[in-house]
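Listing of protein-v3.tsv; format and content: TSV, N, CA and C atoms.
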```
chain	number	residue	atom	x	y	z
A	258	MET	N	85.39	72.91	113.86
A	258	MET	CA	85.63	73.68	112.65
A	258	MET	C	84.67	73.20	111.58
A	259	GLU	N	83.98	74.15	110.99
A	259	GLU	CA	82.94	73.77	110.04
A	259	GLU	C	83.49	73.30	108.69
A	260	ASN	N	84.36	74.08	108.05
A	260	ASN	CA	84.88	73.72	106.73
A	260	ASN	C	86.20	72.99	106.93
A	261	GLN	N	86.14	71.72	107.26
A	261	GLN	CA	87.33	70.95	107.63
A	261	GLN	C	88.33	70.85	106.48
A	262	LEU	N	89.53	71.31	106.75
A	262	LEU	CA	90.63	71.19	105.83
A	262	LEU	C	91.51	70.04	106.30
A	263	GLU	N	92.45	69.61	105.49
A	263	GLU	CA	93.24	68.42	105.82
A	263	GLU	C	94.73	68.74	105.89
A	264	ILE	N	95.46	67.94	106.66
A	264	ILE	CA	96.91	68.05	106.71
A	264	ILE	C	97.45	67.82	105.30
A	265	GLY	N	98.40	68.66	104.90
A	265	GLY	CA	98.98	68.57	103.57
A	265	GLY	C	98.30	69.47	102.55
A	266	GLN	N	97.12	69.99	102.89
A	266	GLN	CA	96.37	70.83	101.95
A	266	GLN	C	97.01	72.22	101.85
A	267	MET	N	97.02	72.77	100.63
A	267	MET	CA	97.53	74.12	100.41
A	267	MET	C	96.42	75.11	100.74
A	268	VAL	N	96.78	76.16	101.48
A	268	VAL	CA	95.79	77.14	101.96
A	268	VAL	C	96.38	78.54	101.92
A	269	THR	N	95.48	79.53	102.06
A	269	THR	CA	95.92	80.88	102.37
A	269	THR	C	95.55	81.11	103.83
A	270	GLY	N	96.34	81.91	104.49
A	270	GLY	CA	96.05	82.22	105.88
A	270	GLY	C	96.46	83.64	106.21
A	271	ILE	N	95.65	84.27	107.05
A	271	ILE	CA	95.96	85.63	107.51
A	271	ILE	C	96.51	85.52	108.92
A	272	TYR	N	97.72	86.07	109.11
A	272	TYR	CA	98.36	86.09	110.41
A	272	TYR	C	98.70	87.54	110.74
A	273	LYS	N	98.07	88.04	111.79
A	273	LYS	CA	98.15	89.46	112.16
A	273	LYS	C	97.72	90.25	110.94
A	274	THR	N	98.58	91.05	110.30
A	274	THR	CA	98.13	91.81	109.13
A	274	THR	C	98.75	91.32	107.83
A	275	GLY	N	99.43	90.18	107.87
A	275	GLY	CA	100.01	89.60	106.67
A	275	GLY	C	99.15	88.47	106.15
A	276	LYS	N	99.32	88.13	104.87
A	276	LYS	CA	98.59	87.02	104.28
A	276	LYS	C	99.59	86.12	103.56
A	277	TYR	N	99.43	84.82	103.74
A	277	TYR	CA	100.41	83.86	103.27
A	277	TYR	C	99.75	82.68	102.55
A	278	ILE	N	100.56	82.00	101.73
A	278	ILE	CA	100.18	80.70	101.17
A	278	ILE	C	101.03	79.69	101.91
A	279	GLY	N	100.40	78.59	102.31
A	279	GLY	CA	101.16	77.58	103.02
A	279	GLY	C	100.48	76.23	103.00
A	280	GLU	N	101.09	75.32	103.72
A	280	GLU	CA	100.61	73.94	103.80
A	280	GLU	C	100.22	73.64	105.24
A	281	ILE	N	99.07	73.04	105.42
A	281	ILE	CA	98.63	72.66	106.76
A	281	ILE	C	99.51	71.49	107.24
A	282	THR	N	100.10	71.65	108.43
A	282	THR	CA	100.93	70.59	109.00
A	282	THR	C	100.31	69.97	110.25
A	283	ASN	N	99.31	70.65	110.81
A	283	ASN	CA	98.65	70.10	112.00
A	283	ASN	C	97.29	70.80	112.14
A	284	ILE	N	96.37	70.10	112.78
A	284	ILE	CA	95.04	70.65	113.01
A	284	ILE	C	94.78	70.65	114.50
A	285	ARG	N	94.39	71.81	115.01
A	285	ARG	CA	94.05	71.96	116.42
A	285	ARG	C	92.58	72.33	116.51
A	286	PRO	N	91.99	72.31	117.71
A	286	PRO	CA	90.54	72.54	117.83
A	286	PRO	C	90.00	73.78	117.12
A	287	SER	N	90.66	74.92	117.20
A	287	SER	CA	90.12	76.11	116.55
A	287	SER	C	91.13	76.79	115.64
A	288	GLN	N	92.20	76.09	115.31
A	288	GLN	CA	93.22	76.68	114.45
A	288	GLN	C	93.97	75.61	113.67
A	289	TYR	N	94.69	76.09	112.66
A	289	TYR	CA	95.53	75.22	111.85
A	289	TYR	C	96.97	75.65	112.03
A	290	VAL	N	97.90	74.69	112.00
A	290	VAL	CA	99.31	75.01	111.95
A	290	VAL	C	99.67	75.00	110.46
A	291	VAL	N	100.19	76.14	110.00
A	291	VAL	CA	100.48	76.31	108.57
A	291	VAL	C	101.97	76.58	108.38
A	292	ARG	N	102.59	75.85	107.44
A	292	ARG	CA	103.98	76.08	107.07
A	292	ARG	C	103.98	77.07	105.91
A	293	VAL	N	104.60	78.22	106.10
A	293	VAL	CA	104.60	79.32	105.12
A	293	VAL	C	105.47	78.96	103.91
A	294	LEU	N	104.87	79.11	102.72
A	294	LEU	CA	105.59	78.86	101.48
A	294	LEU	C	105.69	80.10	100.59
A	295	ALA	N	104.78	81.07	100.79
A	295	ALA	CA	104.80	82.30	99.99
A	295	ALA	C	104.06	83.41	100.74
A	296	VAL	N	104.36	84.65	100.38
A	296	VAL	CA	103.76	85.83	100.99
A	296	VAL	C	102.81	86.47	99.99
A	297	LEU	N	101.55	86.67	100.38
A	297	LEU	CA	100.60	87.37	99.52
A	297	LEU	C	100.48	88.84	99.89
A	298	LYS	N	100.55	89.14	101.21
A	298	LYS	CA	100.49	90.52	101.68
A	298	LYS	C	101.48	90.68	102.82
A	299	HIS	N	102.36	91.67	102.68
A	299	HIS	CA	103.34	91.93	103.74
A	299	HIS	C	102.62	92.56	104.93
A	300	PRO	N	103.00	92.19	106.15
A	300	PRO	CA	102.35	92.79	107.33
A	300	PRO	C	102.51	94.30	107.38
A	301	ASP	N	101.50	94.98	107.90
A	301	ASP	CA	101.56	96.42	108.11
A	301	ASP	C	102.54	96.72	109.23
A	302	GLN	N	103.17	97.87	109.14
A	302	GLN	CA	104.12	98.30	110.15
A	302	GLN	C	103.40	99.08	111.25
A	303	GLY	N	104.04	99.17	112.41
A	303	GLY	CA	103.48	99.96	113.50
A	303	GLY	C	102.79	99.13	114.56
A	304	ASP	N	102.01	99.80	115.37
A	304	ASP	CA	101.33	99.20	116.51
A	304	ASP	C	99.99	98.61	116.06
A	305	LEU	N	99.81	97.31	116.23
A	305	LEU	CA	98.57	96.64	115.82
A	305	LEU	C	97.35	97.18	116.56
A	306	HIS	N	97.55	97.67	117.78
A	306	HIS	CA	96.43	98.16	118.59
A	306	HIS	C	96.06	99.61	118.27
A	307	ASN	N	96.97	100.29	117.58
A	307	ASN	CA	96.72	101.68	117.15
A	307	ASN	C	97.11	101.79	115.68
A	308	PRO	N	96.34	101.15	114.80
A	308	PRO	CA	96.71	101.13	113.38
A	308	PRO	C	96.79	102.53	112.77
A	309	LYS	N	97.77	102.69	111.92
A	309	LYS	CA	97.99	103.94	111.17
A	309	LYS	C	98.30	105.13	112.06
A	310	GLU	N	98.81	104.86	113.26
A	310	GLU	CA	99.23	105.92	114.18
A	310	GLU	C	100.74	105.89	114.34
A	311	THR	N	101.37	107.05	114.42
A	311	THR	CA	102.81	107.10	114.68
A	311	THR	C	103.12	107.56	116.10
A	312	ASP	N	102.16	108.20	116.74
A	312	ASP	CA	102.36	108.69	118.10
A	312	ASP	C	102.02	107.57	119.10
A	313	VAL	N	102.87	106.53	119.07
A	313	VAL	CA	102.69	105.37	119.95
A	313	VAL	C	104.00	105.12	120.68
A	314	SER	N	103.93	104.36	121.77
A	314	SER	CA	105.15	104.14	122.55
A	314	SER	C	106.22	103.39	121.75
A	315	LEU	N	105.81	102.47	120.88
A	315	LEU	CA	106.77	101.74	120.05
A	315	LEU	C	106.15	101.46	118.69
A	316	PHE	N	106.79	101.98	117.66
A	316	PHE	CA	106.35	101.73	116.28
A	316	PHE	C	107.05	100.45	115.83
A	317	HIS	N	106.31	99.36	115.84
A	317	HIS	CA	106.89	98.04	115.60
A	317	HIS	C	107.32	97.81	114.16
A	318	GLU	N	108.48	97.20	114.02
A	318	GLU	CA	108.90	96.68	112.72
A	318	GLU	C	108.29	95.29	112.60
A	319	ARG	N	107.48	95.07	111.58
A	319	ARG	CA	106.79	93.80	111.42
A	319	ARG	C	107.32	93.07	110.20
A	320	ARG	N	108.06	92.00	110.47
A	320	ARG	CA	108.62	91.17	109.41
A	320	ARG	C	107.56	90.21	108.87
A	321	ALA	N	107.73	89.82	107.62
A	321	ALA	CA	106.91	88.74	107.08
A	321	ALA	C	107.37	87.44	107.73
A	322	LEU	N	106.46	86.50	107.88
A	322	LEU	CA	106.86	85.19	108.38
A	322	LEU	C	107.88	84.59	107.41
A	323	ALA	N	108.83	83.85	107.94
A	323	ALA	CA	109.92	83.31	107.14
A	323	ALA	C	109.47	82.10	106.32
A	324	HIS	N	110.25	81.82	105.27
A	324	HIS	CA	109.99	80.64	104.44
A	324	HIS	C	110.05	79.38	105.31
A	325	ARG	N	109.02	78.58	105.23
A	325	ARG	CA	108.86	77.30	105.94
A	325	ARG	C	108.63	77.46	107.45
A	326	GLU	N	108.50	78.71	107.92
A	326	GLU	CA	108.14	78.94	109.32
A	326	GLU	C	106.72	78.40	109.53
A	327	GLN	N	106.49	77.79	110.68
A	327	GLN	CA	105.16	77.29	110.99
A	327	GLN	C	104.51	78.21	112.01
A	328	THR	N	103.22	78.45	111.80
A	328	THR	CA	102.50	79.35	112.70
A	328	THR	C	101.08	78.85	112.90
A	329	ASN	N	100.52	79.18	114.04
A	329	ASN	CA	99.12	78.85	114.33
A	329	ASN	C	98.24	79.95	113.77
A	330	ILE	N	97.27	79.57	112.96
A	330	ILE	CA	96.34	80.55	112.38
A	330	ILE	C	94.93	80.14	112.74
A	331	PRO	N	94.14	81.07	113.32
A	331	PRO	CA	92.74	80.73	113.63
A	331	PRO	C	92.02	80.20	112.39
A	332	ALA	N	91.20	79.19	112.59
A	332	ALA	CA	90.51	78.51	111.48
A	332	ALA	C	89.73	79.46	110.58
A	333	VAL	N	89.14	80.51	111.15
A	333	VAL	CA	88.34	81.43	110.34
A	333	VAL	C	89.18	82.19	109.31
A	334	TYR	N	90.50	82.23	109.49
A	334	TYR	CA	91.38	82.96	108.57
A	334	TYR	C	92.11	82.05	107.59
A	335	VAL	N	91.75	80.78	107.56
A	335	VAL	CA	92.40	79.82	106.67
A	335	VAL	C	91.40	79.37	105.61
A	336	LYS	N	91.81	79.50	104.34
A	336	LYS	CA	90.95	79.12	103.21
A	336	LYS	C	91.75	78.25	102.25
A	337	PRO	N	91.08	77.36	101.53
A	337	PRO	CA	91.79	76.53	100.55
A	337	PRO	C	92.45	77.40	99.48
A	338	PHE	N	93.59	76.95	98.99
A	338	PHE	CA	94.30	77.65	97.93
A	338	PHE	C	94.37	76.76	96.70
A	339	GLU	N	93.98	77.34	95.57
A	339	GLU	CA	94.07	76.64	94.29
A	339	GLU	C	95.06	77.42	93.44
A	340	GLY	N	95.91	76.73	92.74
A	340	GLY	CA	96.82	77.41	91.84
A	340	GLY	C	98.26	77.07	92.14
A	341	GLU	N	99.13	77.72	91.41
A	341	GLU	CA	100.55	77.48	91.56
A	341	GLU	C	101.12	78.37	92.66
A	342	VAL	N	101.95	77.80	93.49
A	342	VAL	CA	102.56	78.55	94.59
A	342	VAL	C	103.84	79.19	94.06
A	343	PRO	N	103.94	80.52	94.15
A	343	PRO	CA	105.18	81.18	93.71
A	343	PRO	C	106.32	80.86	94.68
A	344	THR	N	107.55	81.15	94.26
A	344	THR	CA	108.67	80.96	95.18
A	344	THR	C	108.52	81.97	96.32
A	345	TYR	N	109.07	81.64	97.46
A	345	TYR	CA	108.97	82.54	98.61
A	345	TYR	C	109.59	83.89	98.29
A	346	GLU	N	110.80	83.88	97.73
A	346	GLU	CA	111.50	85.14	97.48
A	346	GLU	C	110.74	86.02	96.49
A	347	GLU	N	110.25	85.44	95.40
A	347	GLU	CA	109.50	86.23	94.42
A	347	GLU	C	108.20	86.76	95.02
A	348	SER	N	107.53	85.94	95.82
A	348	SER	CA	106.28	86.38	96.43
A	348	SER	C	106.53	87.51	97.44
A	349	LEU	N	107.64	87.43	98.15
A	349	LEU	CA	107.99	88.48	99.12
A	349	LEU	C	108.28	89.79	98.38
A	350	LYS	N	109.03	89.71	97.28
A	350	LYS	CA	109.31	90.91	96.49
A	350	LYS	C	108.01	91.54	95.97
A	351	GLU	N	107.10	90.71	95.47
A	351	GLU	CA	105.83	91.21	94.95
A	351	GLU	C	104.97	91.82	96.06
A	352	ALA	N	104.95	91.18	97.23
A	352	ALA	CA	104.18	91.70	98.37
A	352	ALA	C	104.73	93.06	98.82
A	353	LEU	N	106.05	93.19	98.84
A	353	LEU	CA	106.66	94.47	99.21
A	353	LEU	C	106.33	95.54	98.18
A	354	LYS	N	106.38	95.18	96.91
A	354	LYS	CA	106.06	96.13	95.83
A	354	LYS	C	104.63	96.64	95.99
A	355	LYS	N	103.69	95.75	96.27
A	355	LYS	CA	102.29	96.15	96.47
A	355	LYS	C	102.15	97.05	97.69
A	356	GLN	N	102.89	96.70	98.75
A	356	GLN	CA	102.81	97.50	99.98
A	356	GLN	C	103.36	98.91	99.74
A	357	TYR	N	104.48	99.02	99.02
A	357	TYR	CA	105.04	100.33	98.70
A	357	TYR	C	104.04	101.16	97.90
A	358	THR	N	103.41	100.55	96.89
A	358	THR	CA	102.44	101.26	96.05
A	358	THR	C	101.30	101.81	96.90
A	359	LYS	N	100.80	100.97	97.80
A	359	LYS	CA	99.71	101.39	98.69
A	359	LYS	C	100.16	102.56	99.59
A	360	LEU	N	101.36	102.46	100.12
A	360	LEU	CA	101.86	103.50	101.03
A	360	LEU	C	102.17	104.81	100.30
A	361	GLU	N	102.63	104.71	99.06
A	361	GLU	CA	102.95	105.91	98.28
A	361	GLU	C	101.69	106.74	98.00
A	362	GLU	N	100.54	106.10	97.97
A	362	GLU	CA	99.28	106.80	97.74
A	362	GLU	C	98.77	107.49	99.01
A	363	ASP	N	99.35	107.16	100.14
A	363	ASP	CA	98.95	107.68	101.45
A	363	ASP	C	100.04	108.65	101.91
A	364	ASN	N	99.71	109.90	102.09
A	364	ASN	CA	100.71	110.91	102.44
A	364	ASN	C	100.83	111.11	103.95
A	365	SER	N	100.35	110.16	104.74
A	365	SER	CA	100.37	110.34	106.20
A	365	SER	C	101.76	110.06	106.79
A	366	ASP	N	101.95	110.50	108.03
A	366	ASP	CA	103.19	110.21	108.75
A	366	ASP	C	103.36	108.71	108.92
A	367	TRP	N	102.25	108.01	109.16
A	367	TRP	CA	102.30	106.56	109.32
A	367	TRP	C	102.85	105.90	108.05
A	368	ALA	N	102.38	106.33	106.89
A	368	ALA	CA	102.84	105.75	105.63
A	368	ALA	C	104.33	106.00	105.43
A	369	LYS	N	104.78	107.21	105.75
A	369	LYS	CA	106.20	107.55	105.61
A	369	LYS	C	107.06	106.69	106.53
A	370	LYS	N	106.62	106.58	107.78
A	370	LYS	CA	107.37	105.76	108.75
A	370	LYS	C	107.35	104.29	108.33
A	371	SER	N	106.23	103.82	107.82
A	371	SER	CA	106.11	102.44	107.36
A	371	SER	C	107.06	102.16	106.21
A	372	MET	N	107.17	103.12	105.29
A	372	MET	CA	108.08	102.93	104.15
A	372	MET	C	109.53	102.86	104.62
A	373	GLU	N	109.88	103.65	105.62
A	373	GLU	CA	111.24	103.59	106.18
A	373	GLU	C	111.50	102.19	106.76
A	374	MET	N	110.53	101.68	107.50
A	374	MET	CA	110.65	100.34	108.10
A	374	MET	C	110.79	99.27	107.02
A	375	LEU	N	109.97	99.37	105.99
A	375	LEU	CA	110.01	98.38	104.90
A	375	LEU	C	111.35	98.41	104.17
A	376	GLN	N	111.89	99.61	103.96
A	376	GLN	CA	113.19	99.72	103.29
A	376	GLN	C	114.28	99.04	104.11
A	377	SER	N	114.22	99.19	105.42
A	377	SER	CA	115.18	98.53	106.30
A	377	SER	C	115.00	97.01	106.25
A	378	LEU	N	113.74	96.57	106.30
A	378	LEU	CA	113.47	95.13	106.22
A	378	LEU	C	113.92	94.55	104.89
A	379	GLU	N	113.67	95.28	103.82
A	379	GLU	CA	114.02	94.81	102.48
A	379	GLU	C	115.52	94.56	102.37
A	380	LYS	N	116.33	95.46	102.94
A	380	LYS	CA	117.78	95.27	102.93
A	380	LYS	C	118.16	93.98	103.65
A	381	ASP	N	117.47	93.71	104.74
A	381	ASP	CA	117.76	92.51	105.52
A	381	ASP	C	117.26	91.24	104.80
A	382	TYR	N	116.09	91.32	104.20
A	382	TYR	CA	115.51	90.16	103.51
A	382	TYR	C	116.41	89.68	102.36
A	383	PHE	N	116.95	90.59	101.60
A	383	PHE	CA	117.62	90.23	100.35
A	383	PHE	C	119.13	90.49	100.36
A	384	LYS	N	119.74	90.34	101.54
A	384	LYS	CA	121.20	90.58	101.61
A	384	LYS	C	121.98	89.42	101.03
```
Mind converting the file's structure to C-alpha cells?
Amino acid sequence: MENQLEIGQMVTGIYKTGKYIGEITNIRPSQYVVRVLAVLKHPDQGDLHNPKETDVSLFHERRALAHREQTNIPAVYVKPFEGEVPTYEESLKEALKKQYTKLEEDNSDWAKKSMEMLQSLEKDYFK
C-alpha cells in the first residue's frame, strides 16, 4: 500500500455504494479493516451488477453498515479523515435525507423503488 495509514487513524471508506467515516482497526496487504462510526452516503438500492435497473431477478435492500461494525475496505477506497465525527444516528439521518433528495430528482422506476426500500429501512433504523 502506497499511502500507509495507521491503526487508530480516522478515515473515510467506500464500501460497495456507501461511504463511511471510521477508525482503522487492522491492516491487511491490500485492505484496511475499518470500524464504522458514521455514514456519509447511504448505499444505493437494487442490484449492484445492474445499477439503476428494476427489471432484475432480485431488487436488493441495501442497509447502511451498522454503528461500530467492522468491514474490510480495499486500500484504494480508504482516505484520511480530518474533522469532527458526527454521531452515527445523526449521520445516518443526514445520509438518508441526501439520498431522498437525489432520488426525488430522478423520475425513474428505479428511483421510485429505491425510495420505497429506503422508507422501509428508515422505519427499521429508527424504531
Original post:
Which one is closest to Asp301 (chain A): A:Gln356, A:Gln376, A:Gln261, A:Thr282? Count only C-alpha atoms.
Top reply: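 Selected residue with least distance to Asp301 (chain A): A:Gln356.
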Original post:
Quick one: residues within 8 Å of Phe316 (chain A), only N, CA and C atoms counted, chain neighbours fewer than 6 positions away excluded, as JSON, numbers by chain?
Top reply: {"A": [302, 303, 304, 305, 310]}
Subject >> Selection: 8 Å around Leu297 (chain A), only C-alpha atoms, excl. self and same-chain fewer than 4 positions, as an MDAnalysis selection string >> reply: chainID A and resid 275:278 348:349 351:352
Original post:
With only C-alpha atoms as the basis for distance, which of A:His324, A:Lys359, A:Lys384, A:His317 is at the shortest distance from Pro343 (chain A)?
Top reply: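 For Pro343 (chain A), the nearest of the candidates is A:His324.
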Original post:
Nearest to Arg320 (chain A): which of A:Gly265, A:Pro300, A:Pro337, A:Gly270 is it, counting only N, CA and C atoms?
Top reply: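 Between A:Gly265, A:Pro300, A:Pro337, A:Gly270, the residue approaching Arg320 (chain A) most closely is A:Pro300.
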**OP:** One decimal, Å: what's the distance from atom C of Thr358 (chain A) over to atom N of His306 (chain A), could you say?
**Re:**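 Distance between the two atoms: 21.6 Å.
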Original post:
Could you name the residues that touch Tyr334 (chain A) at 8 Å or less, counting all atoms listed in the file, but leaving out those on the same chain fewer than 6 positions away, as an MDAnalysis selection string?
Top reply: chainID A and resid 268:272 288
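Of note, CA of Glu339 (chain A) and atom C of Glu379 (chain A) are spaced 29.1 Å apart.
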Subject >> Proximity to Val296 (chain A) - best of A:Glu361, A:Glu347, A:Asp312, A:Glu280, all atoms listed in the file >> reply: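 Nearest to Val296 (chain A): A:Glu347.
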**OP:** Taking the chain letters and numbering used in this document, name the residues of chain A that DSSP puts in strand (DSSP E or B), as a ChimeraX atom specification.
**Re:** /A:267-272,275-285,288-298,327-331,335-337
Original post:
Which distance in Å separates atom C of Lys380 (chain A) and atom N of Lys298 (chain A), to one decimal?
Top reply: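 That distance, rounded to one decimal, is 18.4 Å.
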Original post:
From the set A:Val290, A:Leu375, A:Arg285, A:Gly340, which residue has the shortest atom-to-atom contact distance to Glu318 (chain A), counting only N, CA and C atoms?
Top reply: A:Leu375
Original post:
So, counting only C-alpha atoms, which residue among A:Asn364, A:Leu294, A:Ala323, A:Met372 is closest to Thr344 (chain A)?
Top reply: A:Leu294
Original post:
So which residues fall inside 5 Å of (101.7, 79.9, 107.1) if we count all atoms listed in the file? Mind giving them as a ChimeraX atom specification?
Top reply: /A:279,291-293
Reconstructed all heavy atoms for region 323-333 of chain A, given as a compact mmCIF listing (two decimals), in the coordinates of the input:
```txt
# COMPACT_ATOMS: atom_id res chain seq x y z
N ALA A 323 108.83 83.85 107.94
CA ALA A 323 109.92 83.31 107.14
C ALA A 323 109.47 82.10 106.32
O ALA A 323 108.48 81.44 106.64
CB ALA A 323 111.07 82.90 108.06
N HIS A 324 110.25 81.82 105.27
CA HIS A 324 109.99 80.64 104.44
C HIS A 324 110.05 79.38 105.31
O HIS A 324 111.00 79.18 106.05
CB HIS A 324 111.03 80.57 103.32
CG HIS A 324 110.79 79.46 102.37
ND1 HIS A 324 111.75 78.53 102.07
CD2 HIS A 324 109.69 79.10 101.65
CE1 HIS A 324 111.26 77.65 101.21
NE2 HIS A 324 110.02 77.98 100.94
N ARG A 325 109.02 78.58 105.23
CA ARG A 325 108.86 77.30 105.94
C ARG A 325 108.63 77.46 107.45
O ARG A 325 108.56 76.49 108.18
CB ARG A 325 110.02 76.35 105.65
CG ARG A 325 110.10 76.01 104.15
CD ARG A 325 111.09 74.94 103.78
NE ARG A 325 110.84 73.66 104.40
CZ ARG A 325 109.91 72.77 104.02
NH1 ARG A 325 109.10 73.05 103.03
NH2 ARG A 325 109.80 71.62 104.63
N GLU A 326 108.50 78.71 107.92
CA GLU A 326 108.14 78.94 109.32
C GLU A 326 106.72 78.40 109.53
O GLU A 326 105.85 78.53 108.67
CB GLU A 326 108.18 80.43 109.63
CG GLU A 326 107.80 80.78 111.06
CD GLU A 326 107.96 82.26 111.37
OE1 GLU A 326 108.50 83.02 110.54
OE2 GLU A 326 107.52 82.65 112.47
N GLN A 327 106.49 77.79 110.68
CA GLN A 327 105.16 77.29 110.99
C GLN A 327 104.51 78.21 112.01
O GLN A 327 105.17 78.67 112.94
CB GLN A 327 105.25 75.86 111.52
CG GLN A 327 105.78 74.90 110.45
CD GLN A 327 105.60 73.46 110.82
OE1 GLN A 327 104.47 72.99 110.88
NE2 GLN A 327 106.69 72.77 111.07
N THR A 328 103.22 78.45 111.80
CA THR A 328 102.50 79.35 112.70
C THR A 328 101.08 78.85 112.90
O THR A 328 100.53 78.18 112.03
CB THR A 328 102.52 80.80 112.14
OG1 THR A 328 102.02 81.68 113.14
CG2 THR A 328 101.69 80.93 110.88
N ASN A 329 100.52 79.18 114.04
CA ASN A 329 99.12 78.85 114.33
C ASN A 329 98.24 79.95 113.77
O ASN A 329 98.44 81.12 114.09
CB ASN A 329 98.89 78.76 115.85
CG ASN A 329 99.68 77.64 116.47
OD1 ASN A 329 99.56 76.50 116.05
ND2 ASN A 329 100.48 77.95 117.47
N ILE A 330 97.27 79.57 112.96
CA ILE A 330 96.34 80.55 112.38
C ILE A 330 94.93 80.14 112.74
O ILE A 330 94.54 78.98 112.51
CB ILE A 330 96.50 80.66 110.85
CG1 ILE A 330 97.95 81.04 110.49
CG2 ILE A 330 95.51 81.67 110.28
CD1 ILE A 330 98.22 81.14 109.01
N PRO A 331 94.14 81.07 113.32
CA PRO A 331 92.74 80.73 113.63
C PRO A 331 92.02 80.20 112.39
O PRO A 331 92.20 80.71 111.28
CB PRO A 331 92.15 82.05 114.10
CG PRO A 331 93.34 82.84 114.60
CD PRO A 331 94.48 82.44 113.70
N ALA A 332 91.20 79.19 112.59
CA ALA A 332 90.51 78.51 111.48
C ALA A 332 89.73 79.46 110.58
O ALA A 332 89.69 79.27 109.37
CB ALA A 332 89.60 77.43 112.03
N VAL A 333 89.14 80.51 111.15
CA VAL A 333 88.34 81.43 110.34
C VAL A 333 89.18 82.19 109.31
O VAL A 333 88.63 82.73 108.35
CB VAL A 333 87.55 82.44 111.21
CG1 VAL A 333 86.54 81.72 112.09
CG2 VAL A 333 88.47 83.30 112.04
```
